[in-house]
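Student: Next up is a structure, given as structure tokens.
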Amino acid sequence: MRGIAHLARELGVSTATVSRALNGNPNVNADTREKVLEAAQRLGYAANQAARSLAQGVTRAVGFMIELDQESTASTDYFFMGVVEGMQAVLAAHGLDLLVLPCAKSQDNFTFLQRFVSRGAVDGMILAETRRIDRRIDLLQSSGIPFVTLGRSDSGSGHSWIDLDFEGAMATAVDRLVQHGHRRIAVTIPSGDANYGAIFAQSYRDNLARHGLEPDETLVFPTHRREDDGDAVVDSMLDRPDPATAIILFYEVTAIGIYRRLAERGLRPGRDLSVIGLRGEDSVRFLTPQVTCFHLSLQDLGTAAARAMLAQIPLTAGAFSSGIVQCRMPLSLVPGESDGPISLPGAPASSD
């Protein structure tokens with residue numbers, strides 16, 4: 001093991017410069033940092049991270065708290081994997097580690113987070129799946145730990161958040177269906193108390209009202225992230241005197257059950273029922289007809305969250321001028337063949 005002073009002599013720079021380079025200080029020239037890191041590896045230098053953290057009062061780690069259940073872990077297209085990739089790249093470039101902290105849905109998420117806060121285990125925290133009233137936000141604000149939320153909340157004040165533009169996506173979807181002549185439009189919303197479900201549902205109601213359409217709460221279907229829910233949704237929509245002619249899905253995997261049940265009834269998506277999904281997942285990529293859906297870069301979402309986090313951490317805030325960040329990430333429509341003018345028996349004809 002060679003010391004930091006030996007590294008400084010080897011490179012002809014000060015020990016302070018070597019220390020800053022090893023600590024990922026953004027004020028160190030990129031070429032100098034690269035030379036220091038190369039020399040440290042070549043000479044076998046390894047810092048005592050525990051001692052460094054104690055001396056600096058930092059952990060050089062950011063926590064990302066997520067909540068897991070059987071549905072999410074069984075999915076072949078788990079949403080947060082792409083987000084983690086974007087976060088990891090940004091944080092690693094600034095010498096920070098990302099600690100993914102999975103909390104089971106059966107656990108109390110407040111108590112789970114409280115343990116990490118009390119230990120001082122991280123320099124900052126990123127929270128996912130915020131609730132409308134979320135005690136975790138109040139906990140982090142009172143503790144003084146820098147944090148960012150993936151999702152909006154009525155709790156707290158003046159904190160950074162990154163969310164999806166559910167309102168913009170819903171406006172685009174409703175506009176498209178109304179232009180196709182649809183007036184009976186159903187929607188699926190996620191079961192559970194995550195705030196994005198309430199935002200999605202309210203955006204649905206607001207956009208129907210914008211077109212002069214009266215929202216029908218019997219056409220709002222809470223679903224889980226599983227395909228079987230789609231079967232029951234089809235029967236509930238169509239076995240009525242005034243059937244829905246279109247549906248907007250929160251979870252695309254629901255489309256698998258919808259397609260299956262429509263086929264059993266001798267019906268076809270895009271002709272007998274229009275379907276628009278919020279996000280194109282791998283699980284529905286090969287459905288025929290192709291599902292009309294929205295595209296979102298999960299890596300960009302993770303990058304935005306990580307940069308918002310770095311702007312809050314004292315160690316890195318000087319390199320960022322953004323301060324508090326509150327933004328909605330846009331989703332872009334990817335047209336498929338699952339929506340269009342339709343005519344079910346007893347349904348209003350398309351105006352196209």
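Here's how to read the names in the structure tokens: chain A, B, ... by the order shown, residue numbers from 1 in each chain, ligand numbers from 1 in the order shown.
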Quick one: residues within 12 Å of His6 in chain A, only C-alpha atoms, excluding same-chain residues fewer than 2 positions away - as a ChimeraX atom specification?
Tutor: /A:1-4,8-15,18-19,36,39-40,43-45
Student: Just want the 9 Å neighbourhood of Val148 in chain A, counted on only C-alpha atoms, with same-chain residues fewer than 4 positions away dropped. Output as a ChimeraX atom specification.
Tutor: /A:124-128,159-162,305-306,308-309,312,325
Student: If you count only C-alpha atoms, which residues fall within 12 Å of Ala30 in chain A, apart from same-chain ones fewer than 6 positions away, as a count of residues only?
Tutor: 9
Student: Using DSSP on the backbone coordinates, identify the residues of range 47-262 of chain A assigned to helix (DSSP H, G or I); present them as a PyMOL selection string.
Tutor: chain A and resi 49-56+70-74+79-93+109-119+135-143+166-179+195-210+217-219+229-238+254-262
Student: Could you work out how far CA of Gln299 in chain A lies from CA of Phe80 in chain A, giving the answer in Å with one decimal?
Tutor: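 Rounded to one decimal, the two atoms are 9.5 Å apart.
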Student: Using only C-alpha atoms, find the one residue out of A:Asn195, A:Asn23, A:Gln179, A:Asn29 that sits nearest to Leu315 in chain A.
Tutor: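 Comparing A:Asn195, A:Asn23, A:Gln179, A:Asn29 against Leu315 in chain A, the winner is A:Asn23.
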Student: My list of candidates is A:Arg184, A:Gly82, A:Ile247, A:Leu296. Which is closest to Leu213 in chain A when distances are computed with only C-alpha atoms?
Tutor: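 Ranking A:Arg184, A:Gly82, A:Ile247, A:Leu296 by distance to Leu213 in chain A, first place goes to A:Arg184.
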Student: From a DSSP pass on the backbone, collect the residues of range 115-215 of chain A flagged as strand (DSSP E) and hand them back as a compact mmCIF listing (two decimals) with N, CA and C atoms, in the first residue's frame.
Tutor:
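This went into selection25.txt:
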```txt
# COMPACT_ATOMS: atom_id res chain seq x y z
N GLY A 124 -27.55 11.78 0.48
CA GLY A 124 -28.80 12.27 -0.11
C GLY A 124 -29.70 11.09 -0.40
N MET A 125 -30.97 11.38 -0.62
CA MET A 125 -31.95 10.31 -0.84
C MET A 125 -32.86 10.67 -2.00
N ILE A 126 -33.14 9.68 -2.84
CA ILE A 126 -34.13 9.81 -3.91
C ILE A 126 -35.27 8.87 -3.57
N LEU A 127 -36.48 9.40 -3.50
CA LEU A 127 -37.66 8.62 -3.15
C LEU A 127 -38.51 8.36 -4.39
N ALA A 128 -39.02 7.16 -4.50
CA ALA A 128 -39.95 6.83 -5.58
C ALA A 128 -41.34 6.60 -5.02
N PHE A 147 -32.69 15.73 -0.65
CA PHE A 147 -33.46 14.66 -1.26
C PHE A 147 -34.18 15.16 -2.51
N VAL A 148 -34.58 14.20 -3.34
CA VAL A 148 -35.35 14.44 -4.55
C VAL A 148 -36.42 13.35 -4.59
N THR A 149 -37.61 13.68 -5.05
CA THR A 149 -38.65 12.67 -5.18
C THR A 149 -38.95 12.41 -6.66
N LEU A 150 -39.18 11.14 -6.97
CA LEU A 150 -39.71 10.77 -8.28
C LEU A 150 -41.22 10.73 -8.12
N SER A 160 -37.13 19.37 -4.43
CA SER A 160 -36.99 18.99 -5.84
C SER A 160 -37.77 17.72 -6.13
N TRP A 161 -38.45 17.72 -7.26
CA TRP A 161 -39.13 16.51 -7.73
C TRP A 161 -39.06 16.41 -9.24
N ILE A 162 -39.05 15.17 -9.71
CA ILE A 162 -39.11 14.86 -11.14
C ILE A 162 -40.29 13.91 -11.31
N ASP A 163 -41.15 14.19 -12.27
CA ASP A 163 -42.32 13.34 -12.48
C ASP A 163 -42.55 13.18 -13.97
N LEU A 164 -43.40 12.25 -14.33
CA LEU A 164 -43.81 12.11 -15.72
C LEU A 164 -44.91 13.11 -16.01
N ILE A 185 -65.12 6.81 -23.42
CA ILE A 185 -63.70 6.48 -23.26
C ILE A 185 -63.46 6.01 -21.83
N ALA A 186 -62.95 4.81 -21.68
CA ALA A 186 -62.64 4.26 -20.36
C ALA A 186 -61.16 4.48 -20.05
N VAL A 187 -60.78 4.21 -18.80
CA VAL A 187 -59.39 4.37 -18.38
C VAL A 187 -59.09 3.35 -17.29
N THR A 188 -57.86 2.87 -17.27
CA THR A 188 -57.40 2.08 -16.12
C THR A 188 -56.44 2.94 -15.31
N ILE A 189 -56.53 2.80 -14.00
CA ILE A 189 -55.63 3.52 -13.10
C ILE A 189 -54.99 2.50 -12.17
N PRO A 190 -53.80 2.77 -11.67
CA PRO A 190 -53.14 1.79 -10.80
C PRO A 190 -53.83 1.66 -9.46
```
Student: Using only C-alpha atoms, determine which residues lie at most 9 Å from Ser203 in chain A, disregarding the query and same-chain residues fewer than 5 positions distant; provide the list as a VMD selection string.
Tutor: chain A and resid 166 to 168 170 to 171 198 208
Student: I need the chosen residues saved as a PDB file, in the first residue's frame, with N, CA and C atoms.
Tutor:
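Final file, selection.pdb:
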```pdb
ATOM      1  N   PHE A 166     -47.944  13.199 -16.914  1.00  0.00           N
ATOM      2  CA  PHE A 166     -49.178  12.451 -17.097  1.00  0.00           C
ATOM      3  C   PHE A 166     -50.259  13.315 -17.744  1.00  0.00           C
ATOM      4  N   GLU A 167     -50.282  14.596 -17.376  1.00  0.00           N
ATOM      5  CA  GLU A 167     -51.299  15.489 -17.913  1.00  0.00           C
ATOM      6  C   GLU A 167     -51.154  15.655 -19.424  1.00  0.00           C
ATOM      7  N   GLY A 168     -49.907  15.825 -19.889  1.00  0.00           N
ATOM      8  CA  GLY A 168     -49.685  15.984 -21.317  1.00  0.00           C
ATOM      9  C   GLY A 168     -50.009  14.726 -22.102  1.00  0.00           C
ATOM     10  N   MET A 170     -52.107  12.324 -21.215  1.00  0.00           N
ATOM     11  CA  MET A 170     -53.553  12.108 -21.212  1.00  0.00           C
ATOM     12  C   MET A 170     -54.247  13.050 -22.200  1.00  0.00           C
ATOM     13  N   ALA A 171     -53.808  14.303 -22.256  1.00  0.00           N
ATOM     14  CA  ALA A 171     -54.402  15.251 -23.198  1.00  0.00           C
ATOM     15  C   ALA A 171     -54.230  14.763 -24.634  1.00  0.00           C
ATOM     16  N   ALA A 198     -53.678   9.036  -8.759  1.00  0.00           N
ATOM     17  CA  ALA A 198     -54.642  10.122  -8.610  1.00  0.00           C
ATOM     18  C   ALA A 198     -54.448  11.176  -9.691  1.00  0.00           C
ATOM     19  N   LEU A 208     -61.601  14.915 -20.505  1.00  0.00           N
ATOM     20  CA  LEU A 208     -62.939  14.653 -21.024  1.00  0.00           C
ATOM     21  C   LEU A 208     -63.792  15.915 -20.915  1.00  0.00           C
TER      22      LEU A 208
END
```
Student: Name the closest residue to Cys327 in chain A among the candidates A:Met65, A:Met87, A:Leu301, A:Glu34; distances are taken between atoms, counting only C-alpha atoms.
Tutor: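 Among the listed residues, the smallest separation from Cys327 in chain A belongs to A:Leu301.
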Student: In Å, with one decimal, what is the gap from CA of Asp69 in chain A to CA of His224 in chain A?
Tutor: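 Going from CA of Asp69 in chain A over to CA of His224 in chain A, I get 10.9 Å.
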Student: Restricting the calculation to only C-alpha atoms, which member of A:Ile256, A:Leu267, A:Met237, A:Ala209 is positioned closest to Phe286 in chain A?
Tutor: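 Smallest separation from Phe286 in chain A among the options: A:Ile256.
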